[in-house]
file work.cif (mmCIF, C-alpha atoms)
data_query
#
loop_
_atom_site.label_atom_id
_atom_site.label_comp_id
_atom_site.auth_asym_id
_atom_site.auth_seq_id
_atom_site.Cartn_x
_atom_site.Cartn_y
_atom_site.Cartn_z
CA MET M 1 166.78 -53.17 133.97
CA ILE M 2 166.87 -52.61 137.70
CA THR M 3 164.04 -52.95 140.20
CA ALA M 4 163.24 -49.88 142.32
CA ARG M 5 161.19 -50.81 145.35
CA LEU M 6 159.37 -48.21 147.43
CA THR M 7 158.47 -49.29 150.95
CA GLY M 8 156.05 -48.11 153.62
CA GLY M 9 154.50 -44.68 153.12
CA LEU M 10 156.70 -44.01 150.09
CA ARG M 11 154.45 -46.31 148.06
CA LYS M 12 151.81 -43.59 148.08
CA LEU M 13 154.11 -41.47 145.92
CA THR M 14 153.82 -43.97 143.08
CA GLY M 15 150.11 -44.62 143.45
CA GLY M 16 150.72 -47.82 145.38
CA ASN M 17 153.07 -49.23 142.75
CA ASP M 18 155.83 -50.60 144.96
CA GLU M 19 158.04 -52.29 142.34
CA ILE M 20 159.14 -50.32 139.33
CA LEU M 21 161.36 -51.66 136.58
CA LEU M 22 163.59 -49.09 134.95
CA LYS M 23 166.95 -48.50 133.30
CA ALA M 24 169.47 -46.42 135.22
CA GLY M 25 173.26 -46.21 135.37
CA ASP M 26 173.40 -44.92 138.93
CA VAL M 27 171.15 -44.00 141.84
CA ASN M 28 170.80 -40.37 140.75
CA GLU M 29 169.52 -41.51 137.36
CA CYS M 30 167.19 -43.98 139.06
CA ILE M 31 165.66 -41.09 141.06
CA ASP M 32 165.48 -38.90 137.93
CA LYS M 33 163.52 -41.65 136.16
CA LEU M 34 161.18 -42.10 139.12
CA GLU M 35 160.56 -38.34 139.22
CA GLN M 36 159.80 -38.29 135.50
CA LYS M 37 157.33 -41.15 135.82
CA TYR M 38 155.78 -40.24 139.18
CA SER M 39 155.68 -36.49 139.81
CA ASP M 40 154.80 -36.95 143.50
CA THR M 41 158.29 -38.34 144.12
CA LYS M 42 159.88 -34.98 143.18
CA GLY M 43 161.87 -33.57 146.09
CA LYS M 44 161.13 -36.57 148.32
CA PHE M 45 164.56 -38.17 148.06
CA ARG M 46 166.97 -35.30 147.36
CA ASP M 47 167.25 -31.73 148.56
CA GLU M 48 167.59 -28.65 146.34
CA ASN M 49 171.31 -29.39 145.99
CA ARG M 50 170.52 -32.91 144.77
CA LEU M 51 171.90 -34.43 147.99
CA LEU M 52 170.21 -37.38 149.66
CA LEU M 53 167.79 -36.30 152.39
CA ASP M 54 168.67 -37.42 155.94
CA SER M 55 165.20 -38.86 156.30
CA ILE M 56 165.62 -41.31 153.40
CA ASN M 57 167.66 -44.49 153.18
CA ILE M 58 168.38 -46.16 149.86
CA TYR M 59 169.77 -49.68 149.66
CA ILE M 60 171.30 -51.48 146.69
CA ASN M 61 170.89 -55.24 147.07
CA GLY M 62 170.66 -54.62 150.82
CA ASP M 63 173.59 -52.20 151.22
CA ASN M 64 172.98 -48.63 152.33
CA ILE M 65 174.26 -46.27 149.64
CA ARG M 66 175.74 -44.08 152.41
CA ASP M 67 178.31 -46.89 152.80
CA LEU M 68 178.89 -46.92 149.04
CA LYS M 69 179.18 -43.91 146.72
CA GLU M 70 175.93 -42.31 147.84
CA LEU M 71 173.77 -41.14 144.93
CA GLY M 72 176.65 -41.70 142.51
CA THR M 73 176.70 -45.45 143.21
CA ALA M 74 176.63 -47.32 139.90
CA LEU M 75 173.80 -49.73 139.18
CA GLN M 76 174.11 -53.02 137.32
CA LYS M 77 171.48 -54.98 135.43
CA GLY M 78 169.33 -56.92 137.90
CA ASP M 79 170.13 -54.70 140.90
CA GLU M 80 167.38 -54.18 143.46
CA VAL M 81 167.10 -50.67 144.89
CA ASP M 82 165.01 -50.27 148.04
CA PHE M 83 163.81 -46.83 149.18
CA MET M 84 162.87 -46.56 152.83
CA SER M 85 162.17 -43.93 155.45
CA GLY M 86 165.32 -43.23 157.45
CA PHE M 87 163.20 -43.55 160.58
CA ALA M 88 162.40 -47.20 159.93
CA ALA M 89 165.75 -48.67 160.90
CA GLY M 90 165.77 -47.39 164.49
CA MET E 1 160.07 -68.16 171.51
CA LYS E 2 157.78 -65.15 171.09
CA ILE E 3 157.93 -62.61 173.90
CA ASP E 4 154.84 -60.47 174.22
CA LYS E 5 155.09 -58.36 177.36
CA ARG E 6 152.35 -55.92 178.21
CA GLY E 7 153.66 -52.39 178.34
CA SER E 8 156.41 -52.98 175.79
CA TRP E 9 156.07 -51.27 172.43
CA TYR E 10 157.82 -54.20 170.80
CA LYS E 11 157.35 -57.92 170.58
CA PHE E 12 160.44 -60.12 170.42
CA VAL E 13 161.56 -63.57 169.40
CA PHE E 14 164.46 -64.98 171.44
CA SER E 15 165.78 -68.50 171.86
CA LYS E 16 164.72 -70.27 175.08
CA GLU E 17 168.39 -70.60 175.97
CA ASP E 18 168.86 -66.83 175.90
CA LEU E 19 165.75 -66.30 177.98
CA ASP E 20 167.25 -68.58 180.62
CA THR E 21 170.01 -66.02 181.19
CA PRO E 22 168.07 -62.90 182.24
CA GLY E 23 171.13 -61.55 184.07
CA ASP E 24 173.02 -61.48 180.78
CA PRO E 25 171.02 -59.40 178.30
CA GLY E 26 173.70 -59.69 175.62
CA SER E 27 173.81 -63.50 175.49
CA HIS E 28 172.27 -63.51 171.99
CA ILE E 29 174.98 -61.23 170.56
CA ARG E 30 177.15 -63.96 169.12
CA TYR E 31 178.93 -65.05 165.99
CA ASN E 32 180.14 -68.62 165.53
CA LYS E 33 179.01 -69.44 169.09
CA ARG E 34 181.27 -66.69 170.50
CA ARG E 35 180.06 -63.52 172.23
CA LEU E 36 180.97 -60.24 170.57
CA THR E 37 182.85 -57.42 172.26
CA ASN E 38 181.56 -53.85 172.04
CA LYS E 39 184.06 -53.19 169.26
CA GLU E 40 182.97 -56.25 167.29
CA PHE E 41 179.34 -55.33 167.86
CA SER E 42 179.97 -51.92 166.39
CA GLU E 43 181.75 -53.41 163.38
CA HIS E 44 179.50 -56.38 162.61
CA TRP E 45 176.15 -56.29 164.37
CA GLY E 46 173.05 -55.29 162.48
CA LYS E 47 169.70 -56.37 161.14
CA TRP E 48 167.56 -56.84 158.11
CA VAL E 49 164.80 -54.25 158.32
CA LEU E 50 161.33 -55.12 157.05
CA LEU E 51 158.19 -53.02 156.79
CA GLY E 52 154.76 -54.61 156.92
CA GLU E 53 151.46 -55.04 158.66
CA SER E 54 151.18 -56.25 162.24
CA GLU E 55 149.31 -59.45 161.30
CA GLU E 56 151.91 -60.32 158.63
CA PHE E 57 154.67 -59.97 161.20
CA GLU E 58 152.86 -62.16 163.72
CA GLU E 59 152.77 -64.93 161.11
CA LEU E 60 156.35 -64.35 160.01
CA ALA E 61 157.58 -64.38 163.62
CA GLU E 62 155.96 -67.82 164.08
CA LYS E 63 157.69 -69.11 160.96
CA LEU E 64 161.07 -67.70 161.95
CA ASP E 65 160.92 -68.90 165.54
CA PRO E 66 162.63 -72.29 164.77
CA TYR E 67 165.53 -70.42 163.14
CA VAL E 68 165.96 -68.31 166.27
CA GLU E 69 165.90 -71.47 168.42
CA SER E 70 168.62 -72.99 166.25
CA ARG E 71 170.53 -69.65 166.43
CA GLN E 72 170.62 -69.21 162.65
CA ILE E 73 168.90 -65.93 163.50
CA SER E 74 170.01 -64.14 166.65
CA CYS E 75 166.72 -62.51 167.62
CA ILE E 76 163.79 -60.55 166.19
CA LYS E 77 162.06 -57.38 167.31
CA TYR E 78 158.86 -55.98 165.81
CA ASP E 79 156.35 -53.22 166.42
CA ARG E 80 152.85 -53.80 167.72
CA PHE E 81 151.70 -50.68 165.86
CA PRO E 82 153.25 -48.28 163.35
CA GLN E 83 155.45 -45.64 165.00
CA GLU E 84 153.40 -42.61 164.05
CA TRP E 85 155.79 -40.13 165.70
CA PHE E 86 158.24 -41.16 163.00
CA ASP E 87 155.52 -40.81 160.33
CA LEU E 88 155.61 -44.54 159.65
CA ASP E 89 152.37 -46.08 158.44
CA GLN E 90 153.58 -49.66 158.71
CA CYS E 91 155.20 -51.72 161.44
CA VAL E 92 158.94 -52.40 161.41
CA MET E 93 160.50 -55.80 161.99
CA CYS E 94 164.23 -56.12 162.69
CA VAL E 95 165.88 -59.50 162.14
CA TYR E 96 169.23 -59.37 163.92
CA CYS E 97 172.50 -61.13 163.12
CA ASP E 98 176.21 -60.59 162.53
CA ASP E 99 177.01 -59.25 159.05
CA ARG E 100 179.11 -62.35 158.39
CA GLN E 101 175.92 -64.41 158.39
CA ARG E 102 173.54 -61.87 156.90
CA ASP E 103 173.36 -63.59 153.48
CA GLU E 104 172.32 -66.83 155.13
CA VAL E 105 169.62 -64.98 157.09
CA LEU E 106 168.42 -63.17 153.97
CA GLU E 107 168.02 -66.53 152.28
CA ILE E 108 165.82 -67.70 155.15
CA LEU E 109 163.70 -64.54 154.87
CA SER E 110 163.40 -64.98 151.09
CA GLN E 111 161.95 -68.47 151.64
CA PHE E 112 159.03 -66.77 153.36
CA GLY E 113 158.42 -64.28 150.58
CA VAL E 114 160.40 -61.33 151.93
CA LYS E 115 161.55 -59.19 149.00
CA MET E 116 162.85 -56.09 150.77
CA LYS E 117 166.58 -55.88 151.20
CA ALA E 118 167.65 -53.26 153.73
CA TRP E 119 170.60 -54.04 155.99
CA SER E 120 171.22 -51.63 158.85
CA TYR E 121 174.20 -51.68 161.21
CA GLU E 122 173.51 -51.03 164.88
CA ARG E 123 176.26 -48.41 164.85
CA GLU E 124 174.00 -46.35 162.52
CA VAL E 125 171.15 -46.67 165.00
CA ILE E 126 173.34 -45.55 167.89
CA GLU E 127 174.37 -42.47 165.90
CA LYS E 128 170.72 -41.67 165.26
CA TRP E 129 169.95 -41.76 168.99
CA LEU E 130 172.91 -39.56 170.00
CA PRO E 131 172.56 -35.76 170.37
CA GLY E 132 171.97 -34.27 166.91
CA GLY E 133 170.95 -37.67 165.52
CA LEU E 134 167.90 -38.09 163.29
CA HIS E 135 165.86 -40.17 165.72
CA LEU E 136 166.61 -38.34 168.96
CA GLU E 137 165.98 -34.91 167.47
CA ARG E 138 162.72 -36.05 165.85
CA TRP E 139 161.63 -37.53 169.18
CA ILE E 140 162.37 -34.23 170.95
CA GLU E 141 160.49 -32.29 168.27
CA LYS E 142 157.42 -34.55 168.31
CA ALA E 143 157.28 -34.65 172.12
CA LYS E 144 157.50 -30.82 172.13
CA LEU E 145 160.06 -30.92 174.94
CA SER E 146 161.27 -27.68 176.49
CA GLU E 147 164.89 -26.82 175.68
CA LYS E 148 165.84 -27.75 179.25
CA ASP E 149 164.19 -31.19 179.02
CA ALA E 150 165.65 -31.70 175.56
CA GLU E 151 169.14 -31.01 176.88
CA THR E 152 168.59 -33.48 179.73
CA LEU E 153 167.50 -36.13 177.25
CA ARG E 154 170.52 -35.45 175.03
CA ARG E 155 172.83 -35.73 178.05
CA GLU E 156 171.21 -39.00 179.17
CA SER E 157 171.47 -40.41 175.66
CA LYS E 158 175.19 -39.62 175.53
CA GLN E 159 175.64 -41.19 178.95
CA ARG E 160 173.72 -44.29 177.92
CA TYR E 161 176.18 -45.15 175.18
CA LYS E 162 179.33 -43.91 176.97
CA LYS E 163 180.03 -47.25 178.66
CA PHE E 164 179.75 -48.93 175.27
CA PHE E 165 182.21 -46.59 173.54
CA ASP E 166 184.61 -46.40 176.50
CA ASN E 167 185.01 -50.17 176.81
CA PRO E 168 185.58 -51.62 173.33
CA ASP E 169 186.99 -54.94 174.61
CA GLU E 170 184.18 -55.73 177.05
CA LEU E 171 181.57 -58.28 176.05
CA CYS E 172 178.63 -56.45 174.55
CA SER E 173 175.57 -56.59 176.74
CA GLY E 174 173.18 -54.65 174.45
CA TRP E 175 170.62 -52.36 176.09
CA ALA E 176 167.04 -52.52 177.24
CA GLN E 177 164.39 -51.65 174.60
#

call {"tool": "encode", "arguments": {"input": "work.cif", "output": "structure tokens"}}
result
Amino acid sequence: MITARLTGGLRKLTGGNDEILLKAGDVNECIDKLEQKYSDTKGKFRDENRLLLDSINIYINGDNIRDLKELGTALQKGDEVDFMSGFAAG
Amino acid sequence: MKIDKRGSWYKFVFSKEDLDTPGDPGSHIRYNKRRLTNKEFSEHWGKWVLLGESEEFEELAEKLDPYVESRQISCIKYDRFPQEWFDLDQCVMCVYCDDRQRDEVLEILSQFGVKMKAWSYEREVIEKWLPGGLHLERWIEKAKLSEKDAETLRRESKQRYKKFFDNPDELCSGWAQ
């Protein structure tokens, strides 16, 4: 299991649930699972081409996935995935 | 020591020693007691980014102050209010350090119940405030600037960071916020 954590205004998309435990092999699958469970998250992280939106940052154990393999970054058991508005780190 | 200046959007925590050198705004940009150059700043300098309520951050800033005094944390900046022009509904706190000590700083934050883990390099922030960058363009859009004023702002932004990029071996002096 990994922990997906939604921060700031993104928490509204999951009804205030800010920590979600789920199984996912990579970040794309993590988003797919979130979208299946919480329909309001659909289209909030990826564009129509399934690319990460500029306005969203995703971190795995603190590291921005843009410095890793973006949405294809593999996830390991126990990983913590933080979703944050891209405007927060200014 | 907490710095709460009227008129500033942010509140800060700096060590007293750094406040004693007002003519040297980059005195806190250090690793292993040594000042960083602009190039090193670009490669290593960053922050842990936290989102939370203003009151929470006031308390956390108090708790982290001793770590800033002992230079285990370089400095801290946090919002008084959420930055609504960026559609943020919570305040942001940035806890600055060199990436070579970020794990140590994260451990300190964890002691105080911080769960979020979001490390952001300052080089990313600079890119966002350059012409075409996420932050600068959003600012222009929200402020409804005319195209002429927007171009002036873009030009000034480029100019602001020019000295930094043109002089990689100079000691980094940061910039006013």

call {"tool": "closest_atom_pairs", "arguments": {"input": "work.cif", "of": "region 61-83 of chain E", "to": "region 107-128 of chain E", "cutoff": "9 Å", "atoms": "only C-alpha atoms", "output": "Markdown table"}}
result
| residue | atom | partner | partner_atom | distance |
| --- | --- | --- | --- | --- |
| E:Lys63 | CA | E:Phe112 | CA | 8.1 |
| E:Leu64 | CA | E:Leu109 | CA | 8.2 |
| E:Tyr67 | CA | E:Ile108 | CA | 8.4 |

call {"tool": "resolve_selection", "arguments": {"input": "work.cif", "expression": "the PyMOL selection byres ((chain M) within 7 of (chain E))", "output": "compact mmCIF listing (two decimals) with C-alpha atoms, in the coordinates of the input"}}
result
# COMPACT_ATOMS: atom_id res chain seq x y z
CA THR M 7 158.47 -49.29 150.95
CA GLY M 8 156.05 -48.11 153.62
CA GLY M 9 154.50 -44.68 153.12
CA TYR M 59 169.77 -49.68 149.66
CA ASN M 61 170.89 -55.24 147.07
CA GLY M 62 170.66 -54.62 150.82
CA ASP M 63 173.59 -52.20 151.22
CA ASN M 64 172.98 -48.63 152.33
CA ASP M 82 165.01 -50.27 148.04
CA PHE M 87 163.20 -43.55 160.58
CA ALA M 88 162.40 -47.20 159.93
CA ALA M 89 165.75 -48.67 160.90
CA GLY M 90 165.77 -47.39 164.49

call {"tool": "closest_residue", "arguments": {"input": "work.cif", "among": "M:Ile2, M:Ser55, M:Lys12, M:Val27", "to": "Ser39 (chain M)", "atoms": "all atoms listed in the file"}}
result
M:Lys12

call {"tool": "residues_near_point", "arguments": {"input": "work.cif", "point": "(179.4, -59.5, 159.7)", "cutoff": "8 Å", "atoms": "all atoms listed in the file", "output": "count of residues only"}}
result
9

call {"tool": "resolve_selection", "arguments": {"input": "work.cif", "expression": "the PyMOL selection byres ((chain E and resi 170) around 9)", "output": "number ranges by chain"}}
result
E: 36-39, 164, 167-169, 171-173

call {"tool": "resolve_selection", "arguments": {"input": "work.cif", "expression": "the PyMOL selection byres ((chain M and resi 19) around 12)", "output": "count of residues only"}}
result
23

call {"tool": "atom_distance", "arguments": {"input": "work.cif", "atom1": "CA of Ser54 (chain E)", "atom2": "CA of Lys144 (chain E)"}}
result
28.0 Å

call {"tool": "residues_around", "arguments": {"input": "work.cif", "residues": "Lys33 (chain E)", "least_positions_apart": "2", "cutoff": "12 Å", "atoms": "all atoms listed in the file", "output": "mmCIF file with C-alpha atoms, in the coordinates of the input"}}
result
data_model
loop_
_atom_site.group_PDB
_atom_site.id
_atom_site.type_symbol
_atom_site.label_atom_id
_atom_site.label_comp_id
_atom_site.auth_asym_id
_atom_site.auth_seq_id
_atom_site.Cartn_x
_atom_site.Cartn_y
_atom_site.Cartn_z
ATOM 1 C CA SER E 27 173.810 -63.500 175.490
ATOM 2 C CA HIS E 28 172.270 -63.510 171.990
ATOM 3 C CA ILE E 29 174.980 -61.230 170.560
ATOM 4 C CA ARG E 30 177.150 -63.960 169.120
ATOM 5 C CA TYR E 31 178.930 -65.050 165.990
ATOM 6 C CA ARG E 35 180.060 -63.520 172.230
ATOM 7 C CA LEU E 36 180.970 -60.240 170.570
ATOM 8 C CA SER E 70 168.620 -72.990 166.250
ATOM 9 C CA ARG E 71 170.530 -69.650 166.430
ATOM 10 C CA GLN E 72 170.620 -69.210 162.650
ATOM 11 C CA SER E 74 170.010 -64.140 166.650
ATOM 12 C CA ASP E 98 176.210 -60.590 162.530
#

call {"tool": "atom_distance", "arguments": {"input": "work.cif", "atom1": "CA of Ile60 (chain M)", "atom2": "CA of Asp79 (chain M)"}}
result
6.7 Å

call {"tool": "atom_distance", "arguments": {"input": "work.cif", "atom1": "CA of Asp54 (chain M)", "atom2": "CA of Leu136 (chain E)"}}
result
13.2 Å

call {"tool": "residues_around", "arguments": {"input": "work.cif", "residues": "Glu35 (chain M)", "least_positions_apart": "6", "cutoff": "10 Å", "atoms": "all atoms listed in the file", "output": "PyMOL selection string"}}
result
chain M and resi 13-14+29+41-45

call {"tool": "closest_residue", "arguments": {"input": "work.cif", "among": "M:Ile56, M:Lys37, M:Met1, M:Asp47", "to": "Lys23 (chain M)", "atoms": "all atoms listed in the file"}}
result
M:Met1

call {"tool": "axis_aligned_box", "arguments": {"input": "work.cif", "around": "region 160-164 of chain E", "padding_each_side": "8 Å", "output": "JSON"}}
result
{"center_x": 176.9, "center_y": -46.4, "center_z": 176.9, "size_x": 22.3, "size_y": 21.0, "size_z": 19.5}

call {"tool": "build_atoms", "arguments": {"input": "work.cif", "residues": "region 57-68 of chain M", "atoms": "all heavy atoms", "output": "PDB file, in the frame of the given file"}}
result
ATOM      1  N   ASN M  57     166.590 -43.507 153.380  1.00  0.00           N
ATOM      2  CA  ASN M  57     167.660 -44.490 153.180  1.00  0.00           C
ATOM      3  C   ASN M  57     167.403 -45.205 151.854  1.00  0.00           C
ATOM      4  O   ASN M  57     166.255 -45.544 151.541  1.00  0.00           O
ATOM      5  CB  ASN M  57     167.667 -45.543 154.289  1.00  0.00           C
ATOM      6  CG  ASN M  57     168.295 -45.014 155.578  1.00  0.00           C
ATOM      7  OD1 ASN M  57     168.909 -43.949 155.595  1.00  0.00           O
ATOM      8  ND2 ASN M  57     168.136 -45.765 156.649  1.00  0.00           N
ATOM      9  N   ILE M  58     168.484 -45.411 151.119  1.00  0.00           N
ATOM     10  CA  ILE M  58     168.380 -46.160 149.860  1.00  0.00           C
ATOM     11  C   ILE M  58     169.387 -47.320 149.930  1.00  0.00           C
ATOM     12  O   ILE M  58     170.549 -47.114 150.336  1.00  0.00           O
ATOM     13  CB  ILE M  58     168.666 -45.260 148.638  1.00  0.00           C
ATOM     14  CG1 ILE M  58     167.689 -44.072 148.608  1.00  0.00           C
ATOM     15  CG2 ILE M  58     168.551 -46.063 147.344  1.00  0.00           C
ATOM     16  CD1 ILE M  58     167.958 -43.055 147.491  1.00  0.00           C
ATOM     17  N   TYR M  59     168.933 -48.480 149.571  1.00  0.00           N
ATOM     18  CA  TYR M  59     169.770 -49.680 149.660  1.00  0.00           C
ATOM     19  C   TYR M  59     169.889 -50.316 148.275  1.00  0.00           C
ATOM     20  O   TYR M  59     168.894 -50.412 147.547  1.00  0.00           O
ATOM     21  CB  TYR M  59     169.132 -50.707 150.591  1.00  0.00           C
ATOM     22  CG  TYR M  59     168.899 -50.188 151.990  1.00  0.00           C
ATOM     23  CD1 TYR M  59     167.739 -49.474 152.296  1.00  0.00           C
ATOM     24  CD2 TYR M  59     169.831 -50.406 152.998  1.00  0.00           C
ATOM     25  CE1 TYR M  59     167.517 -48.987 153.576  1.00  0.00           C
ATOM     26  CE2 TYR M  59     169.617 -49.922 154.284  1.00  0.00           C
ATOM     27  CZ  TYR M  59     168.453 -49.208 154.558  1.00  0.00           C
ATOM     28  OH  TYR M  59     168.233 -48.731 155.832  1.00  0.00           O
ATOM     29  N   ILE M  60     171.109 -50.736 147.940  1.00  0.00           N
ATOM     30  CA  ILE M  60     171.300 -51.480 146.690  1.00  0.00           C
ATOM     31  C   ILE M  60     171.620 -52.926 147.083  1.00  0.00           C
ATOM     32  O   ILE M  60     172.637 -53.178 147.745  1.00  0.00           O
ATOM     33  CB  ILE M  60     172.432 -50.898 145.844  1.00  0.00           C
ATOM     34  CG1 ILE M  60     172.109 -49.456 145.471  1.00  0.00           C
ATOM     35  CG2 ILE M  60     172.638 -51.741 144.579  1.00  0.00           C
ATOM     36  CD1 ILE M  60     173.212 -48.747 144.736  1.00  0.00           C
ATOM     37  N   ASN M  61     170.750 -53.821 146.701  1.00  0.00           N
ATOM     38  CA  ASN M  61     170.890 -55.240 147.070  1.00  0.00           C
ATOM     39  C   ASN M  61     171.163 -55.387 148.576  1.00  0.00           C
ATOM     40  O   ASN M  61     171.956 -56.225 149.003  1.00  0.00           O
ATOM     41  CB  ASN M  61     172.005 -55.914 146.256  1.00  0.00           C
ATOM     42  CG  ASN M  61     171.777 -55.778 144.770  1.00  0.00           C
ATOM     43  OD1 ASN M  61     170.638 -55.858 144.304  1.00  0.00           O
ATOM     44  ND2 ASN M  61     172.833 -55.530 144.017  1.00  0.00           N
ATOM     45  N   GLY M  62     170.547 -54.525 149.363  1.00  0.00           N
ATOM     46  CA  GLY M  62     170.660 -54.620 150.820  1.00  0.00           C
ATOM     47  C   GLY M  62     171.624 -53.635 151.434  1.00  0.00           C
ATOM     48  O   GLY M  62     171.555 -53.360 152.631  1.00  0.00           O
ATOM     49  N   ASP M  63     172.572 -53.095 150.656  1.00  0.00           N
ATOM     50  CA  ASP M  63     173.590 -52.200 151.220  1.00  0.00           C
ATOM     51  C   ASP M  63     173.163 -50.745 151.142  1.00  0.00           C
ATOM     52  O   ASP M  63     172.752 -50.266 150.078  1.00  0.00           O
ATOM     53  CB  ASP M  63     174.923 -52.382 150.488  1.00  0.00           C
ATOM     54  CG  ASP M  63     175.538 -53.735 150.770  1.00  0.00           C
ATOM     55  OD1 ASP M  63     175.494 -54.183 151.935  1.00  0.00           O
ATOM     56  OD2 ASP M  63     176.045 -54.364 149.807  1.00  0.00           O
ATOM     57  N   ASN M  64     173.326 -50.046 152.266  1.00  0.00           N
ATOM     58  CA  ASN M  64     172.980 -48.630 152.330  1.00  0.00           C
ATOM     59  C   ASN M  64     173.935 -47.841 151.426  1.00  0.00           C
ATOM     60  O   ASN M  64     175.161 -47.981 151.547  1.00  0.00           O
ATOM     61  CB  ASN M  64     173.122 -48.166 153.789  1.00  0.00           C
ATOM     62  CG  ASN M  64     172.522 -46.813 154.034  1.00  0.00           C
ATOM     63  OD1 ASN M  64     172.555 -45.936 153.176  1.00  0.00           O
ATOM     64  ND2 ASN M  64     171.986 -46.627 155.223  1.00  0.00           N
ATOM     65  N   ILE M  65     173.378 -47.007 150.567  1.00  0.00           N
ATOM     66  CA  ILE M  65     174.260 -46.270 149.640  1.00  0.00           C
ATOM     67  C   ILE M  65     175.173 -45.289 150.385  1.00  0.00           C
ATOM     68  O   ILE M  65     176.171 -44.844 149.828  1.00  0.00           O
ATOM     69  CB  ILE M  65     173.493 -45.537 148.511  1.00  0.00           C
ATOM     70  CG1 ILE M  65     172.579 -44.451 149.073  1.00  0.00           C
ATOM     71  CG2 ILE M  65     172.745 -46.513 147.626  1.00  0.00           C
ATOM     72  CD1 ILE M  65     172.098 -43.472 147.995  1.00  0.00           C
ATOM     73  N   ARG M  66     174.846 -44.965 151.647  1.00  0.00           N
ATOM     74  CA  ARG M  66     175.740 -44.080 152.410  1.00  0.00           C
ATOM     75  C   ARG M  66     177.075 -44.788 152.685  1.00  0.00           C
ATOM     76  O   ARG M  66     178.070 -44.151 152.977  1.00  0.00           O
ATOM     77  CB  ARG M  66     175.089 -43.647 153.721  1.00  0.00           C
ATOM     78  CG  ARG M  66     173.956 -42.659 153.507  1.00  0.00           C
ATOM     79  CD  ARG M  66     173.508 -41.990 154.795  1.00  0.00           C
ATOM     80  NE  ARG M  66     172.562 -40.938 154.511  1.00  0.00           N
ATOM     81  CZ  ARG M  66     171.237 -41.114 154.403  1.00  0.00           C
ATOM     82  NH1 ARG M  66     170.717 -42.308 154.565  1.00  0.00           N
ATOM     83  NH2 ARG M  66     170.440 -40.095 154.128  1.00  0.00           N
ATOM     84  N   ASP M  67     177.070 -46.124 152.629  1.00  0.00           N
ATOM     85  CA  ASP M  67     178.310 -46.890 152.800  1.00  0.00           C
ATOM     86  C   ASP M  67     178.971 -47.163 151.457  1.00  0.00           C
ATOM     87  O   ASP M  67     180.019 -47.809 151.407  1.00  0.00           O
ATOM     88  CB  ASP M  67     178.025 -48.230 153.495  1.00  0.00           C
ATOM     89  CG  ASP M  67     177.471 -48.040 154.889  1.00  0.00           C
ATOM     90  OD1 ASP M  67     177.863 -47.060 155.550  1.00  0.00           O
ATOM     91  OD2 ASP M  67     176.635 -48.858 155.322  1.00  0.00           O
ATOM     92  N   LEU M  68     178.336 -46.709 150.385  1.00  0.00           N
ATOM     93  CA  LEU M  68     178.890 -46.920 149.040  1.00  0.00           C
ATOM     94  C   LEU M  68     179.281 -45.548 148.487  1.00  0.00           C
ATOM     95  O   LEU M  68     179.967 -44.799 149.161  1.00  0.00           O
ATOM     96  CB  LEU M  68     177.860 -47.635 148.150  1.00  0.00           C
ATOM     97  CG  LEU M  68     177.343 -48.980 148.721  1.00  0.00           C
ATOM     98  CD1 LEU M  68     176.147 -49.496 147.946  1.00  0.00           C
ATOM     99  CD2 LEU M  68     178.456 -50.014 148.708  1.00  0.00           C
TER     100      LEU M  68
END
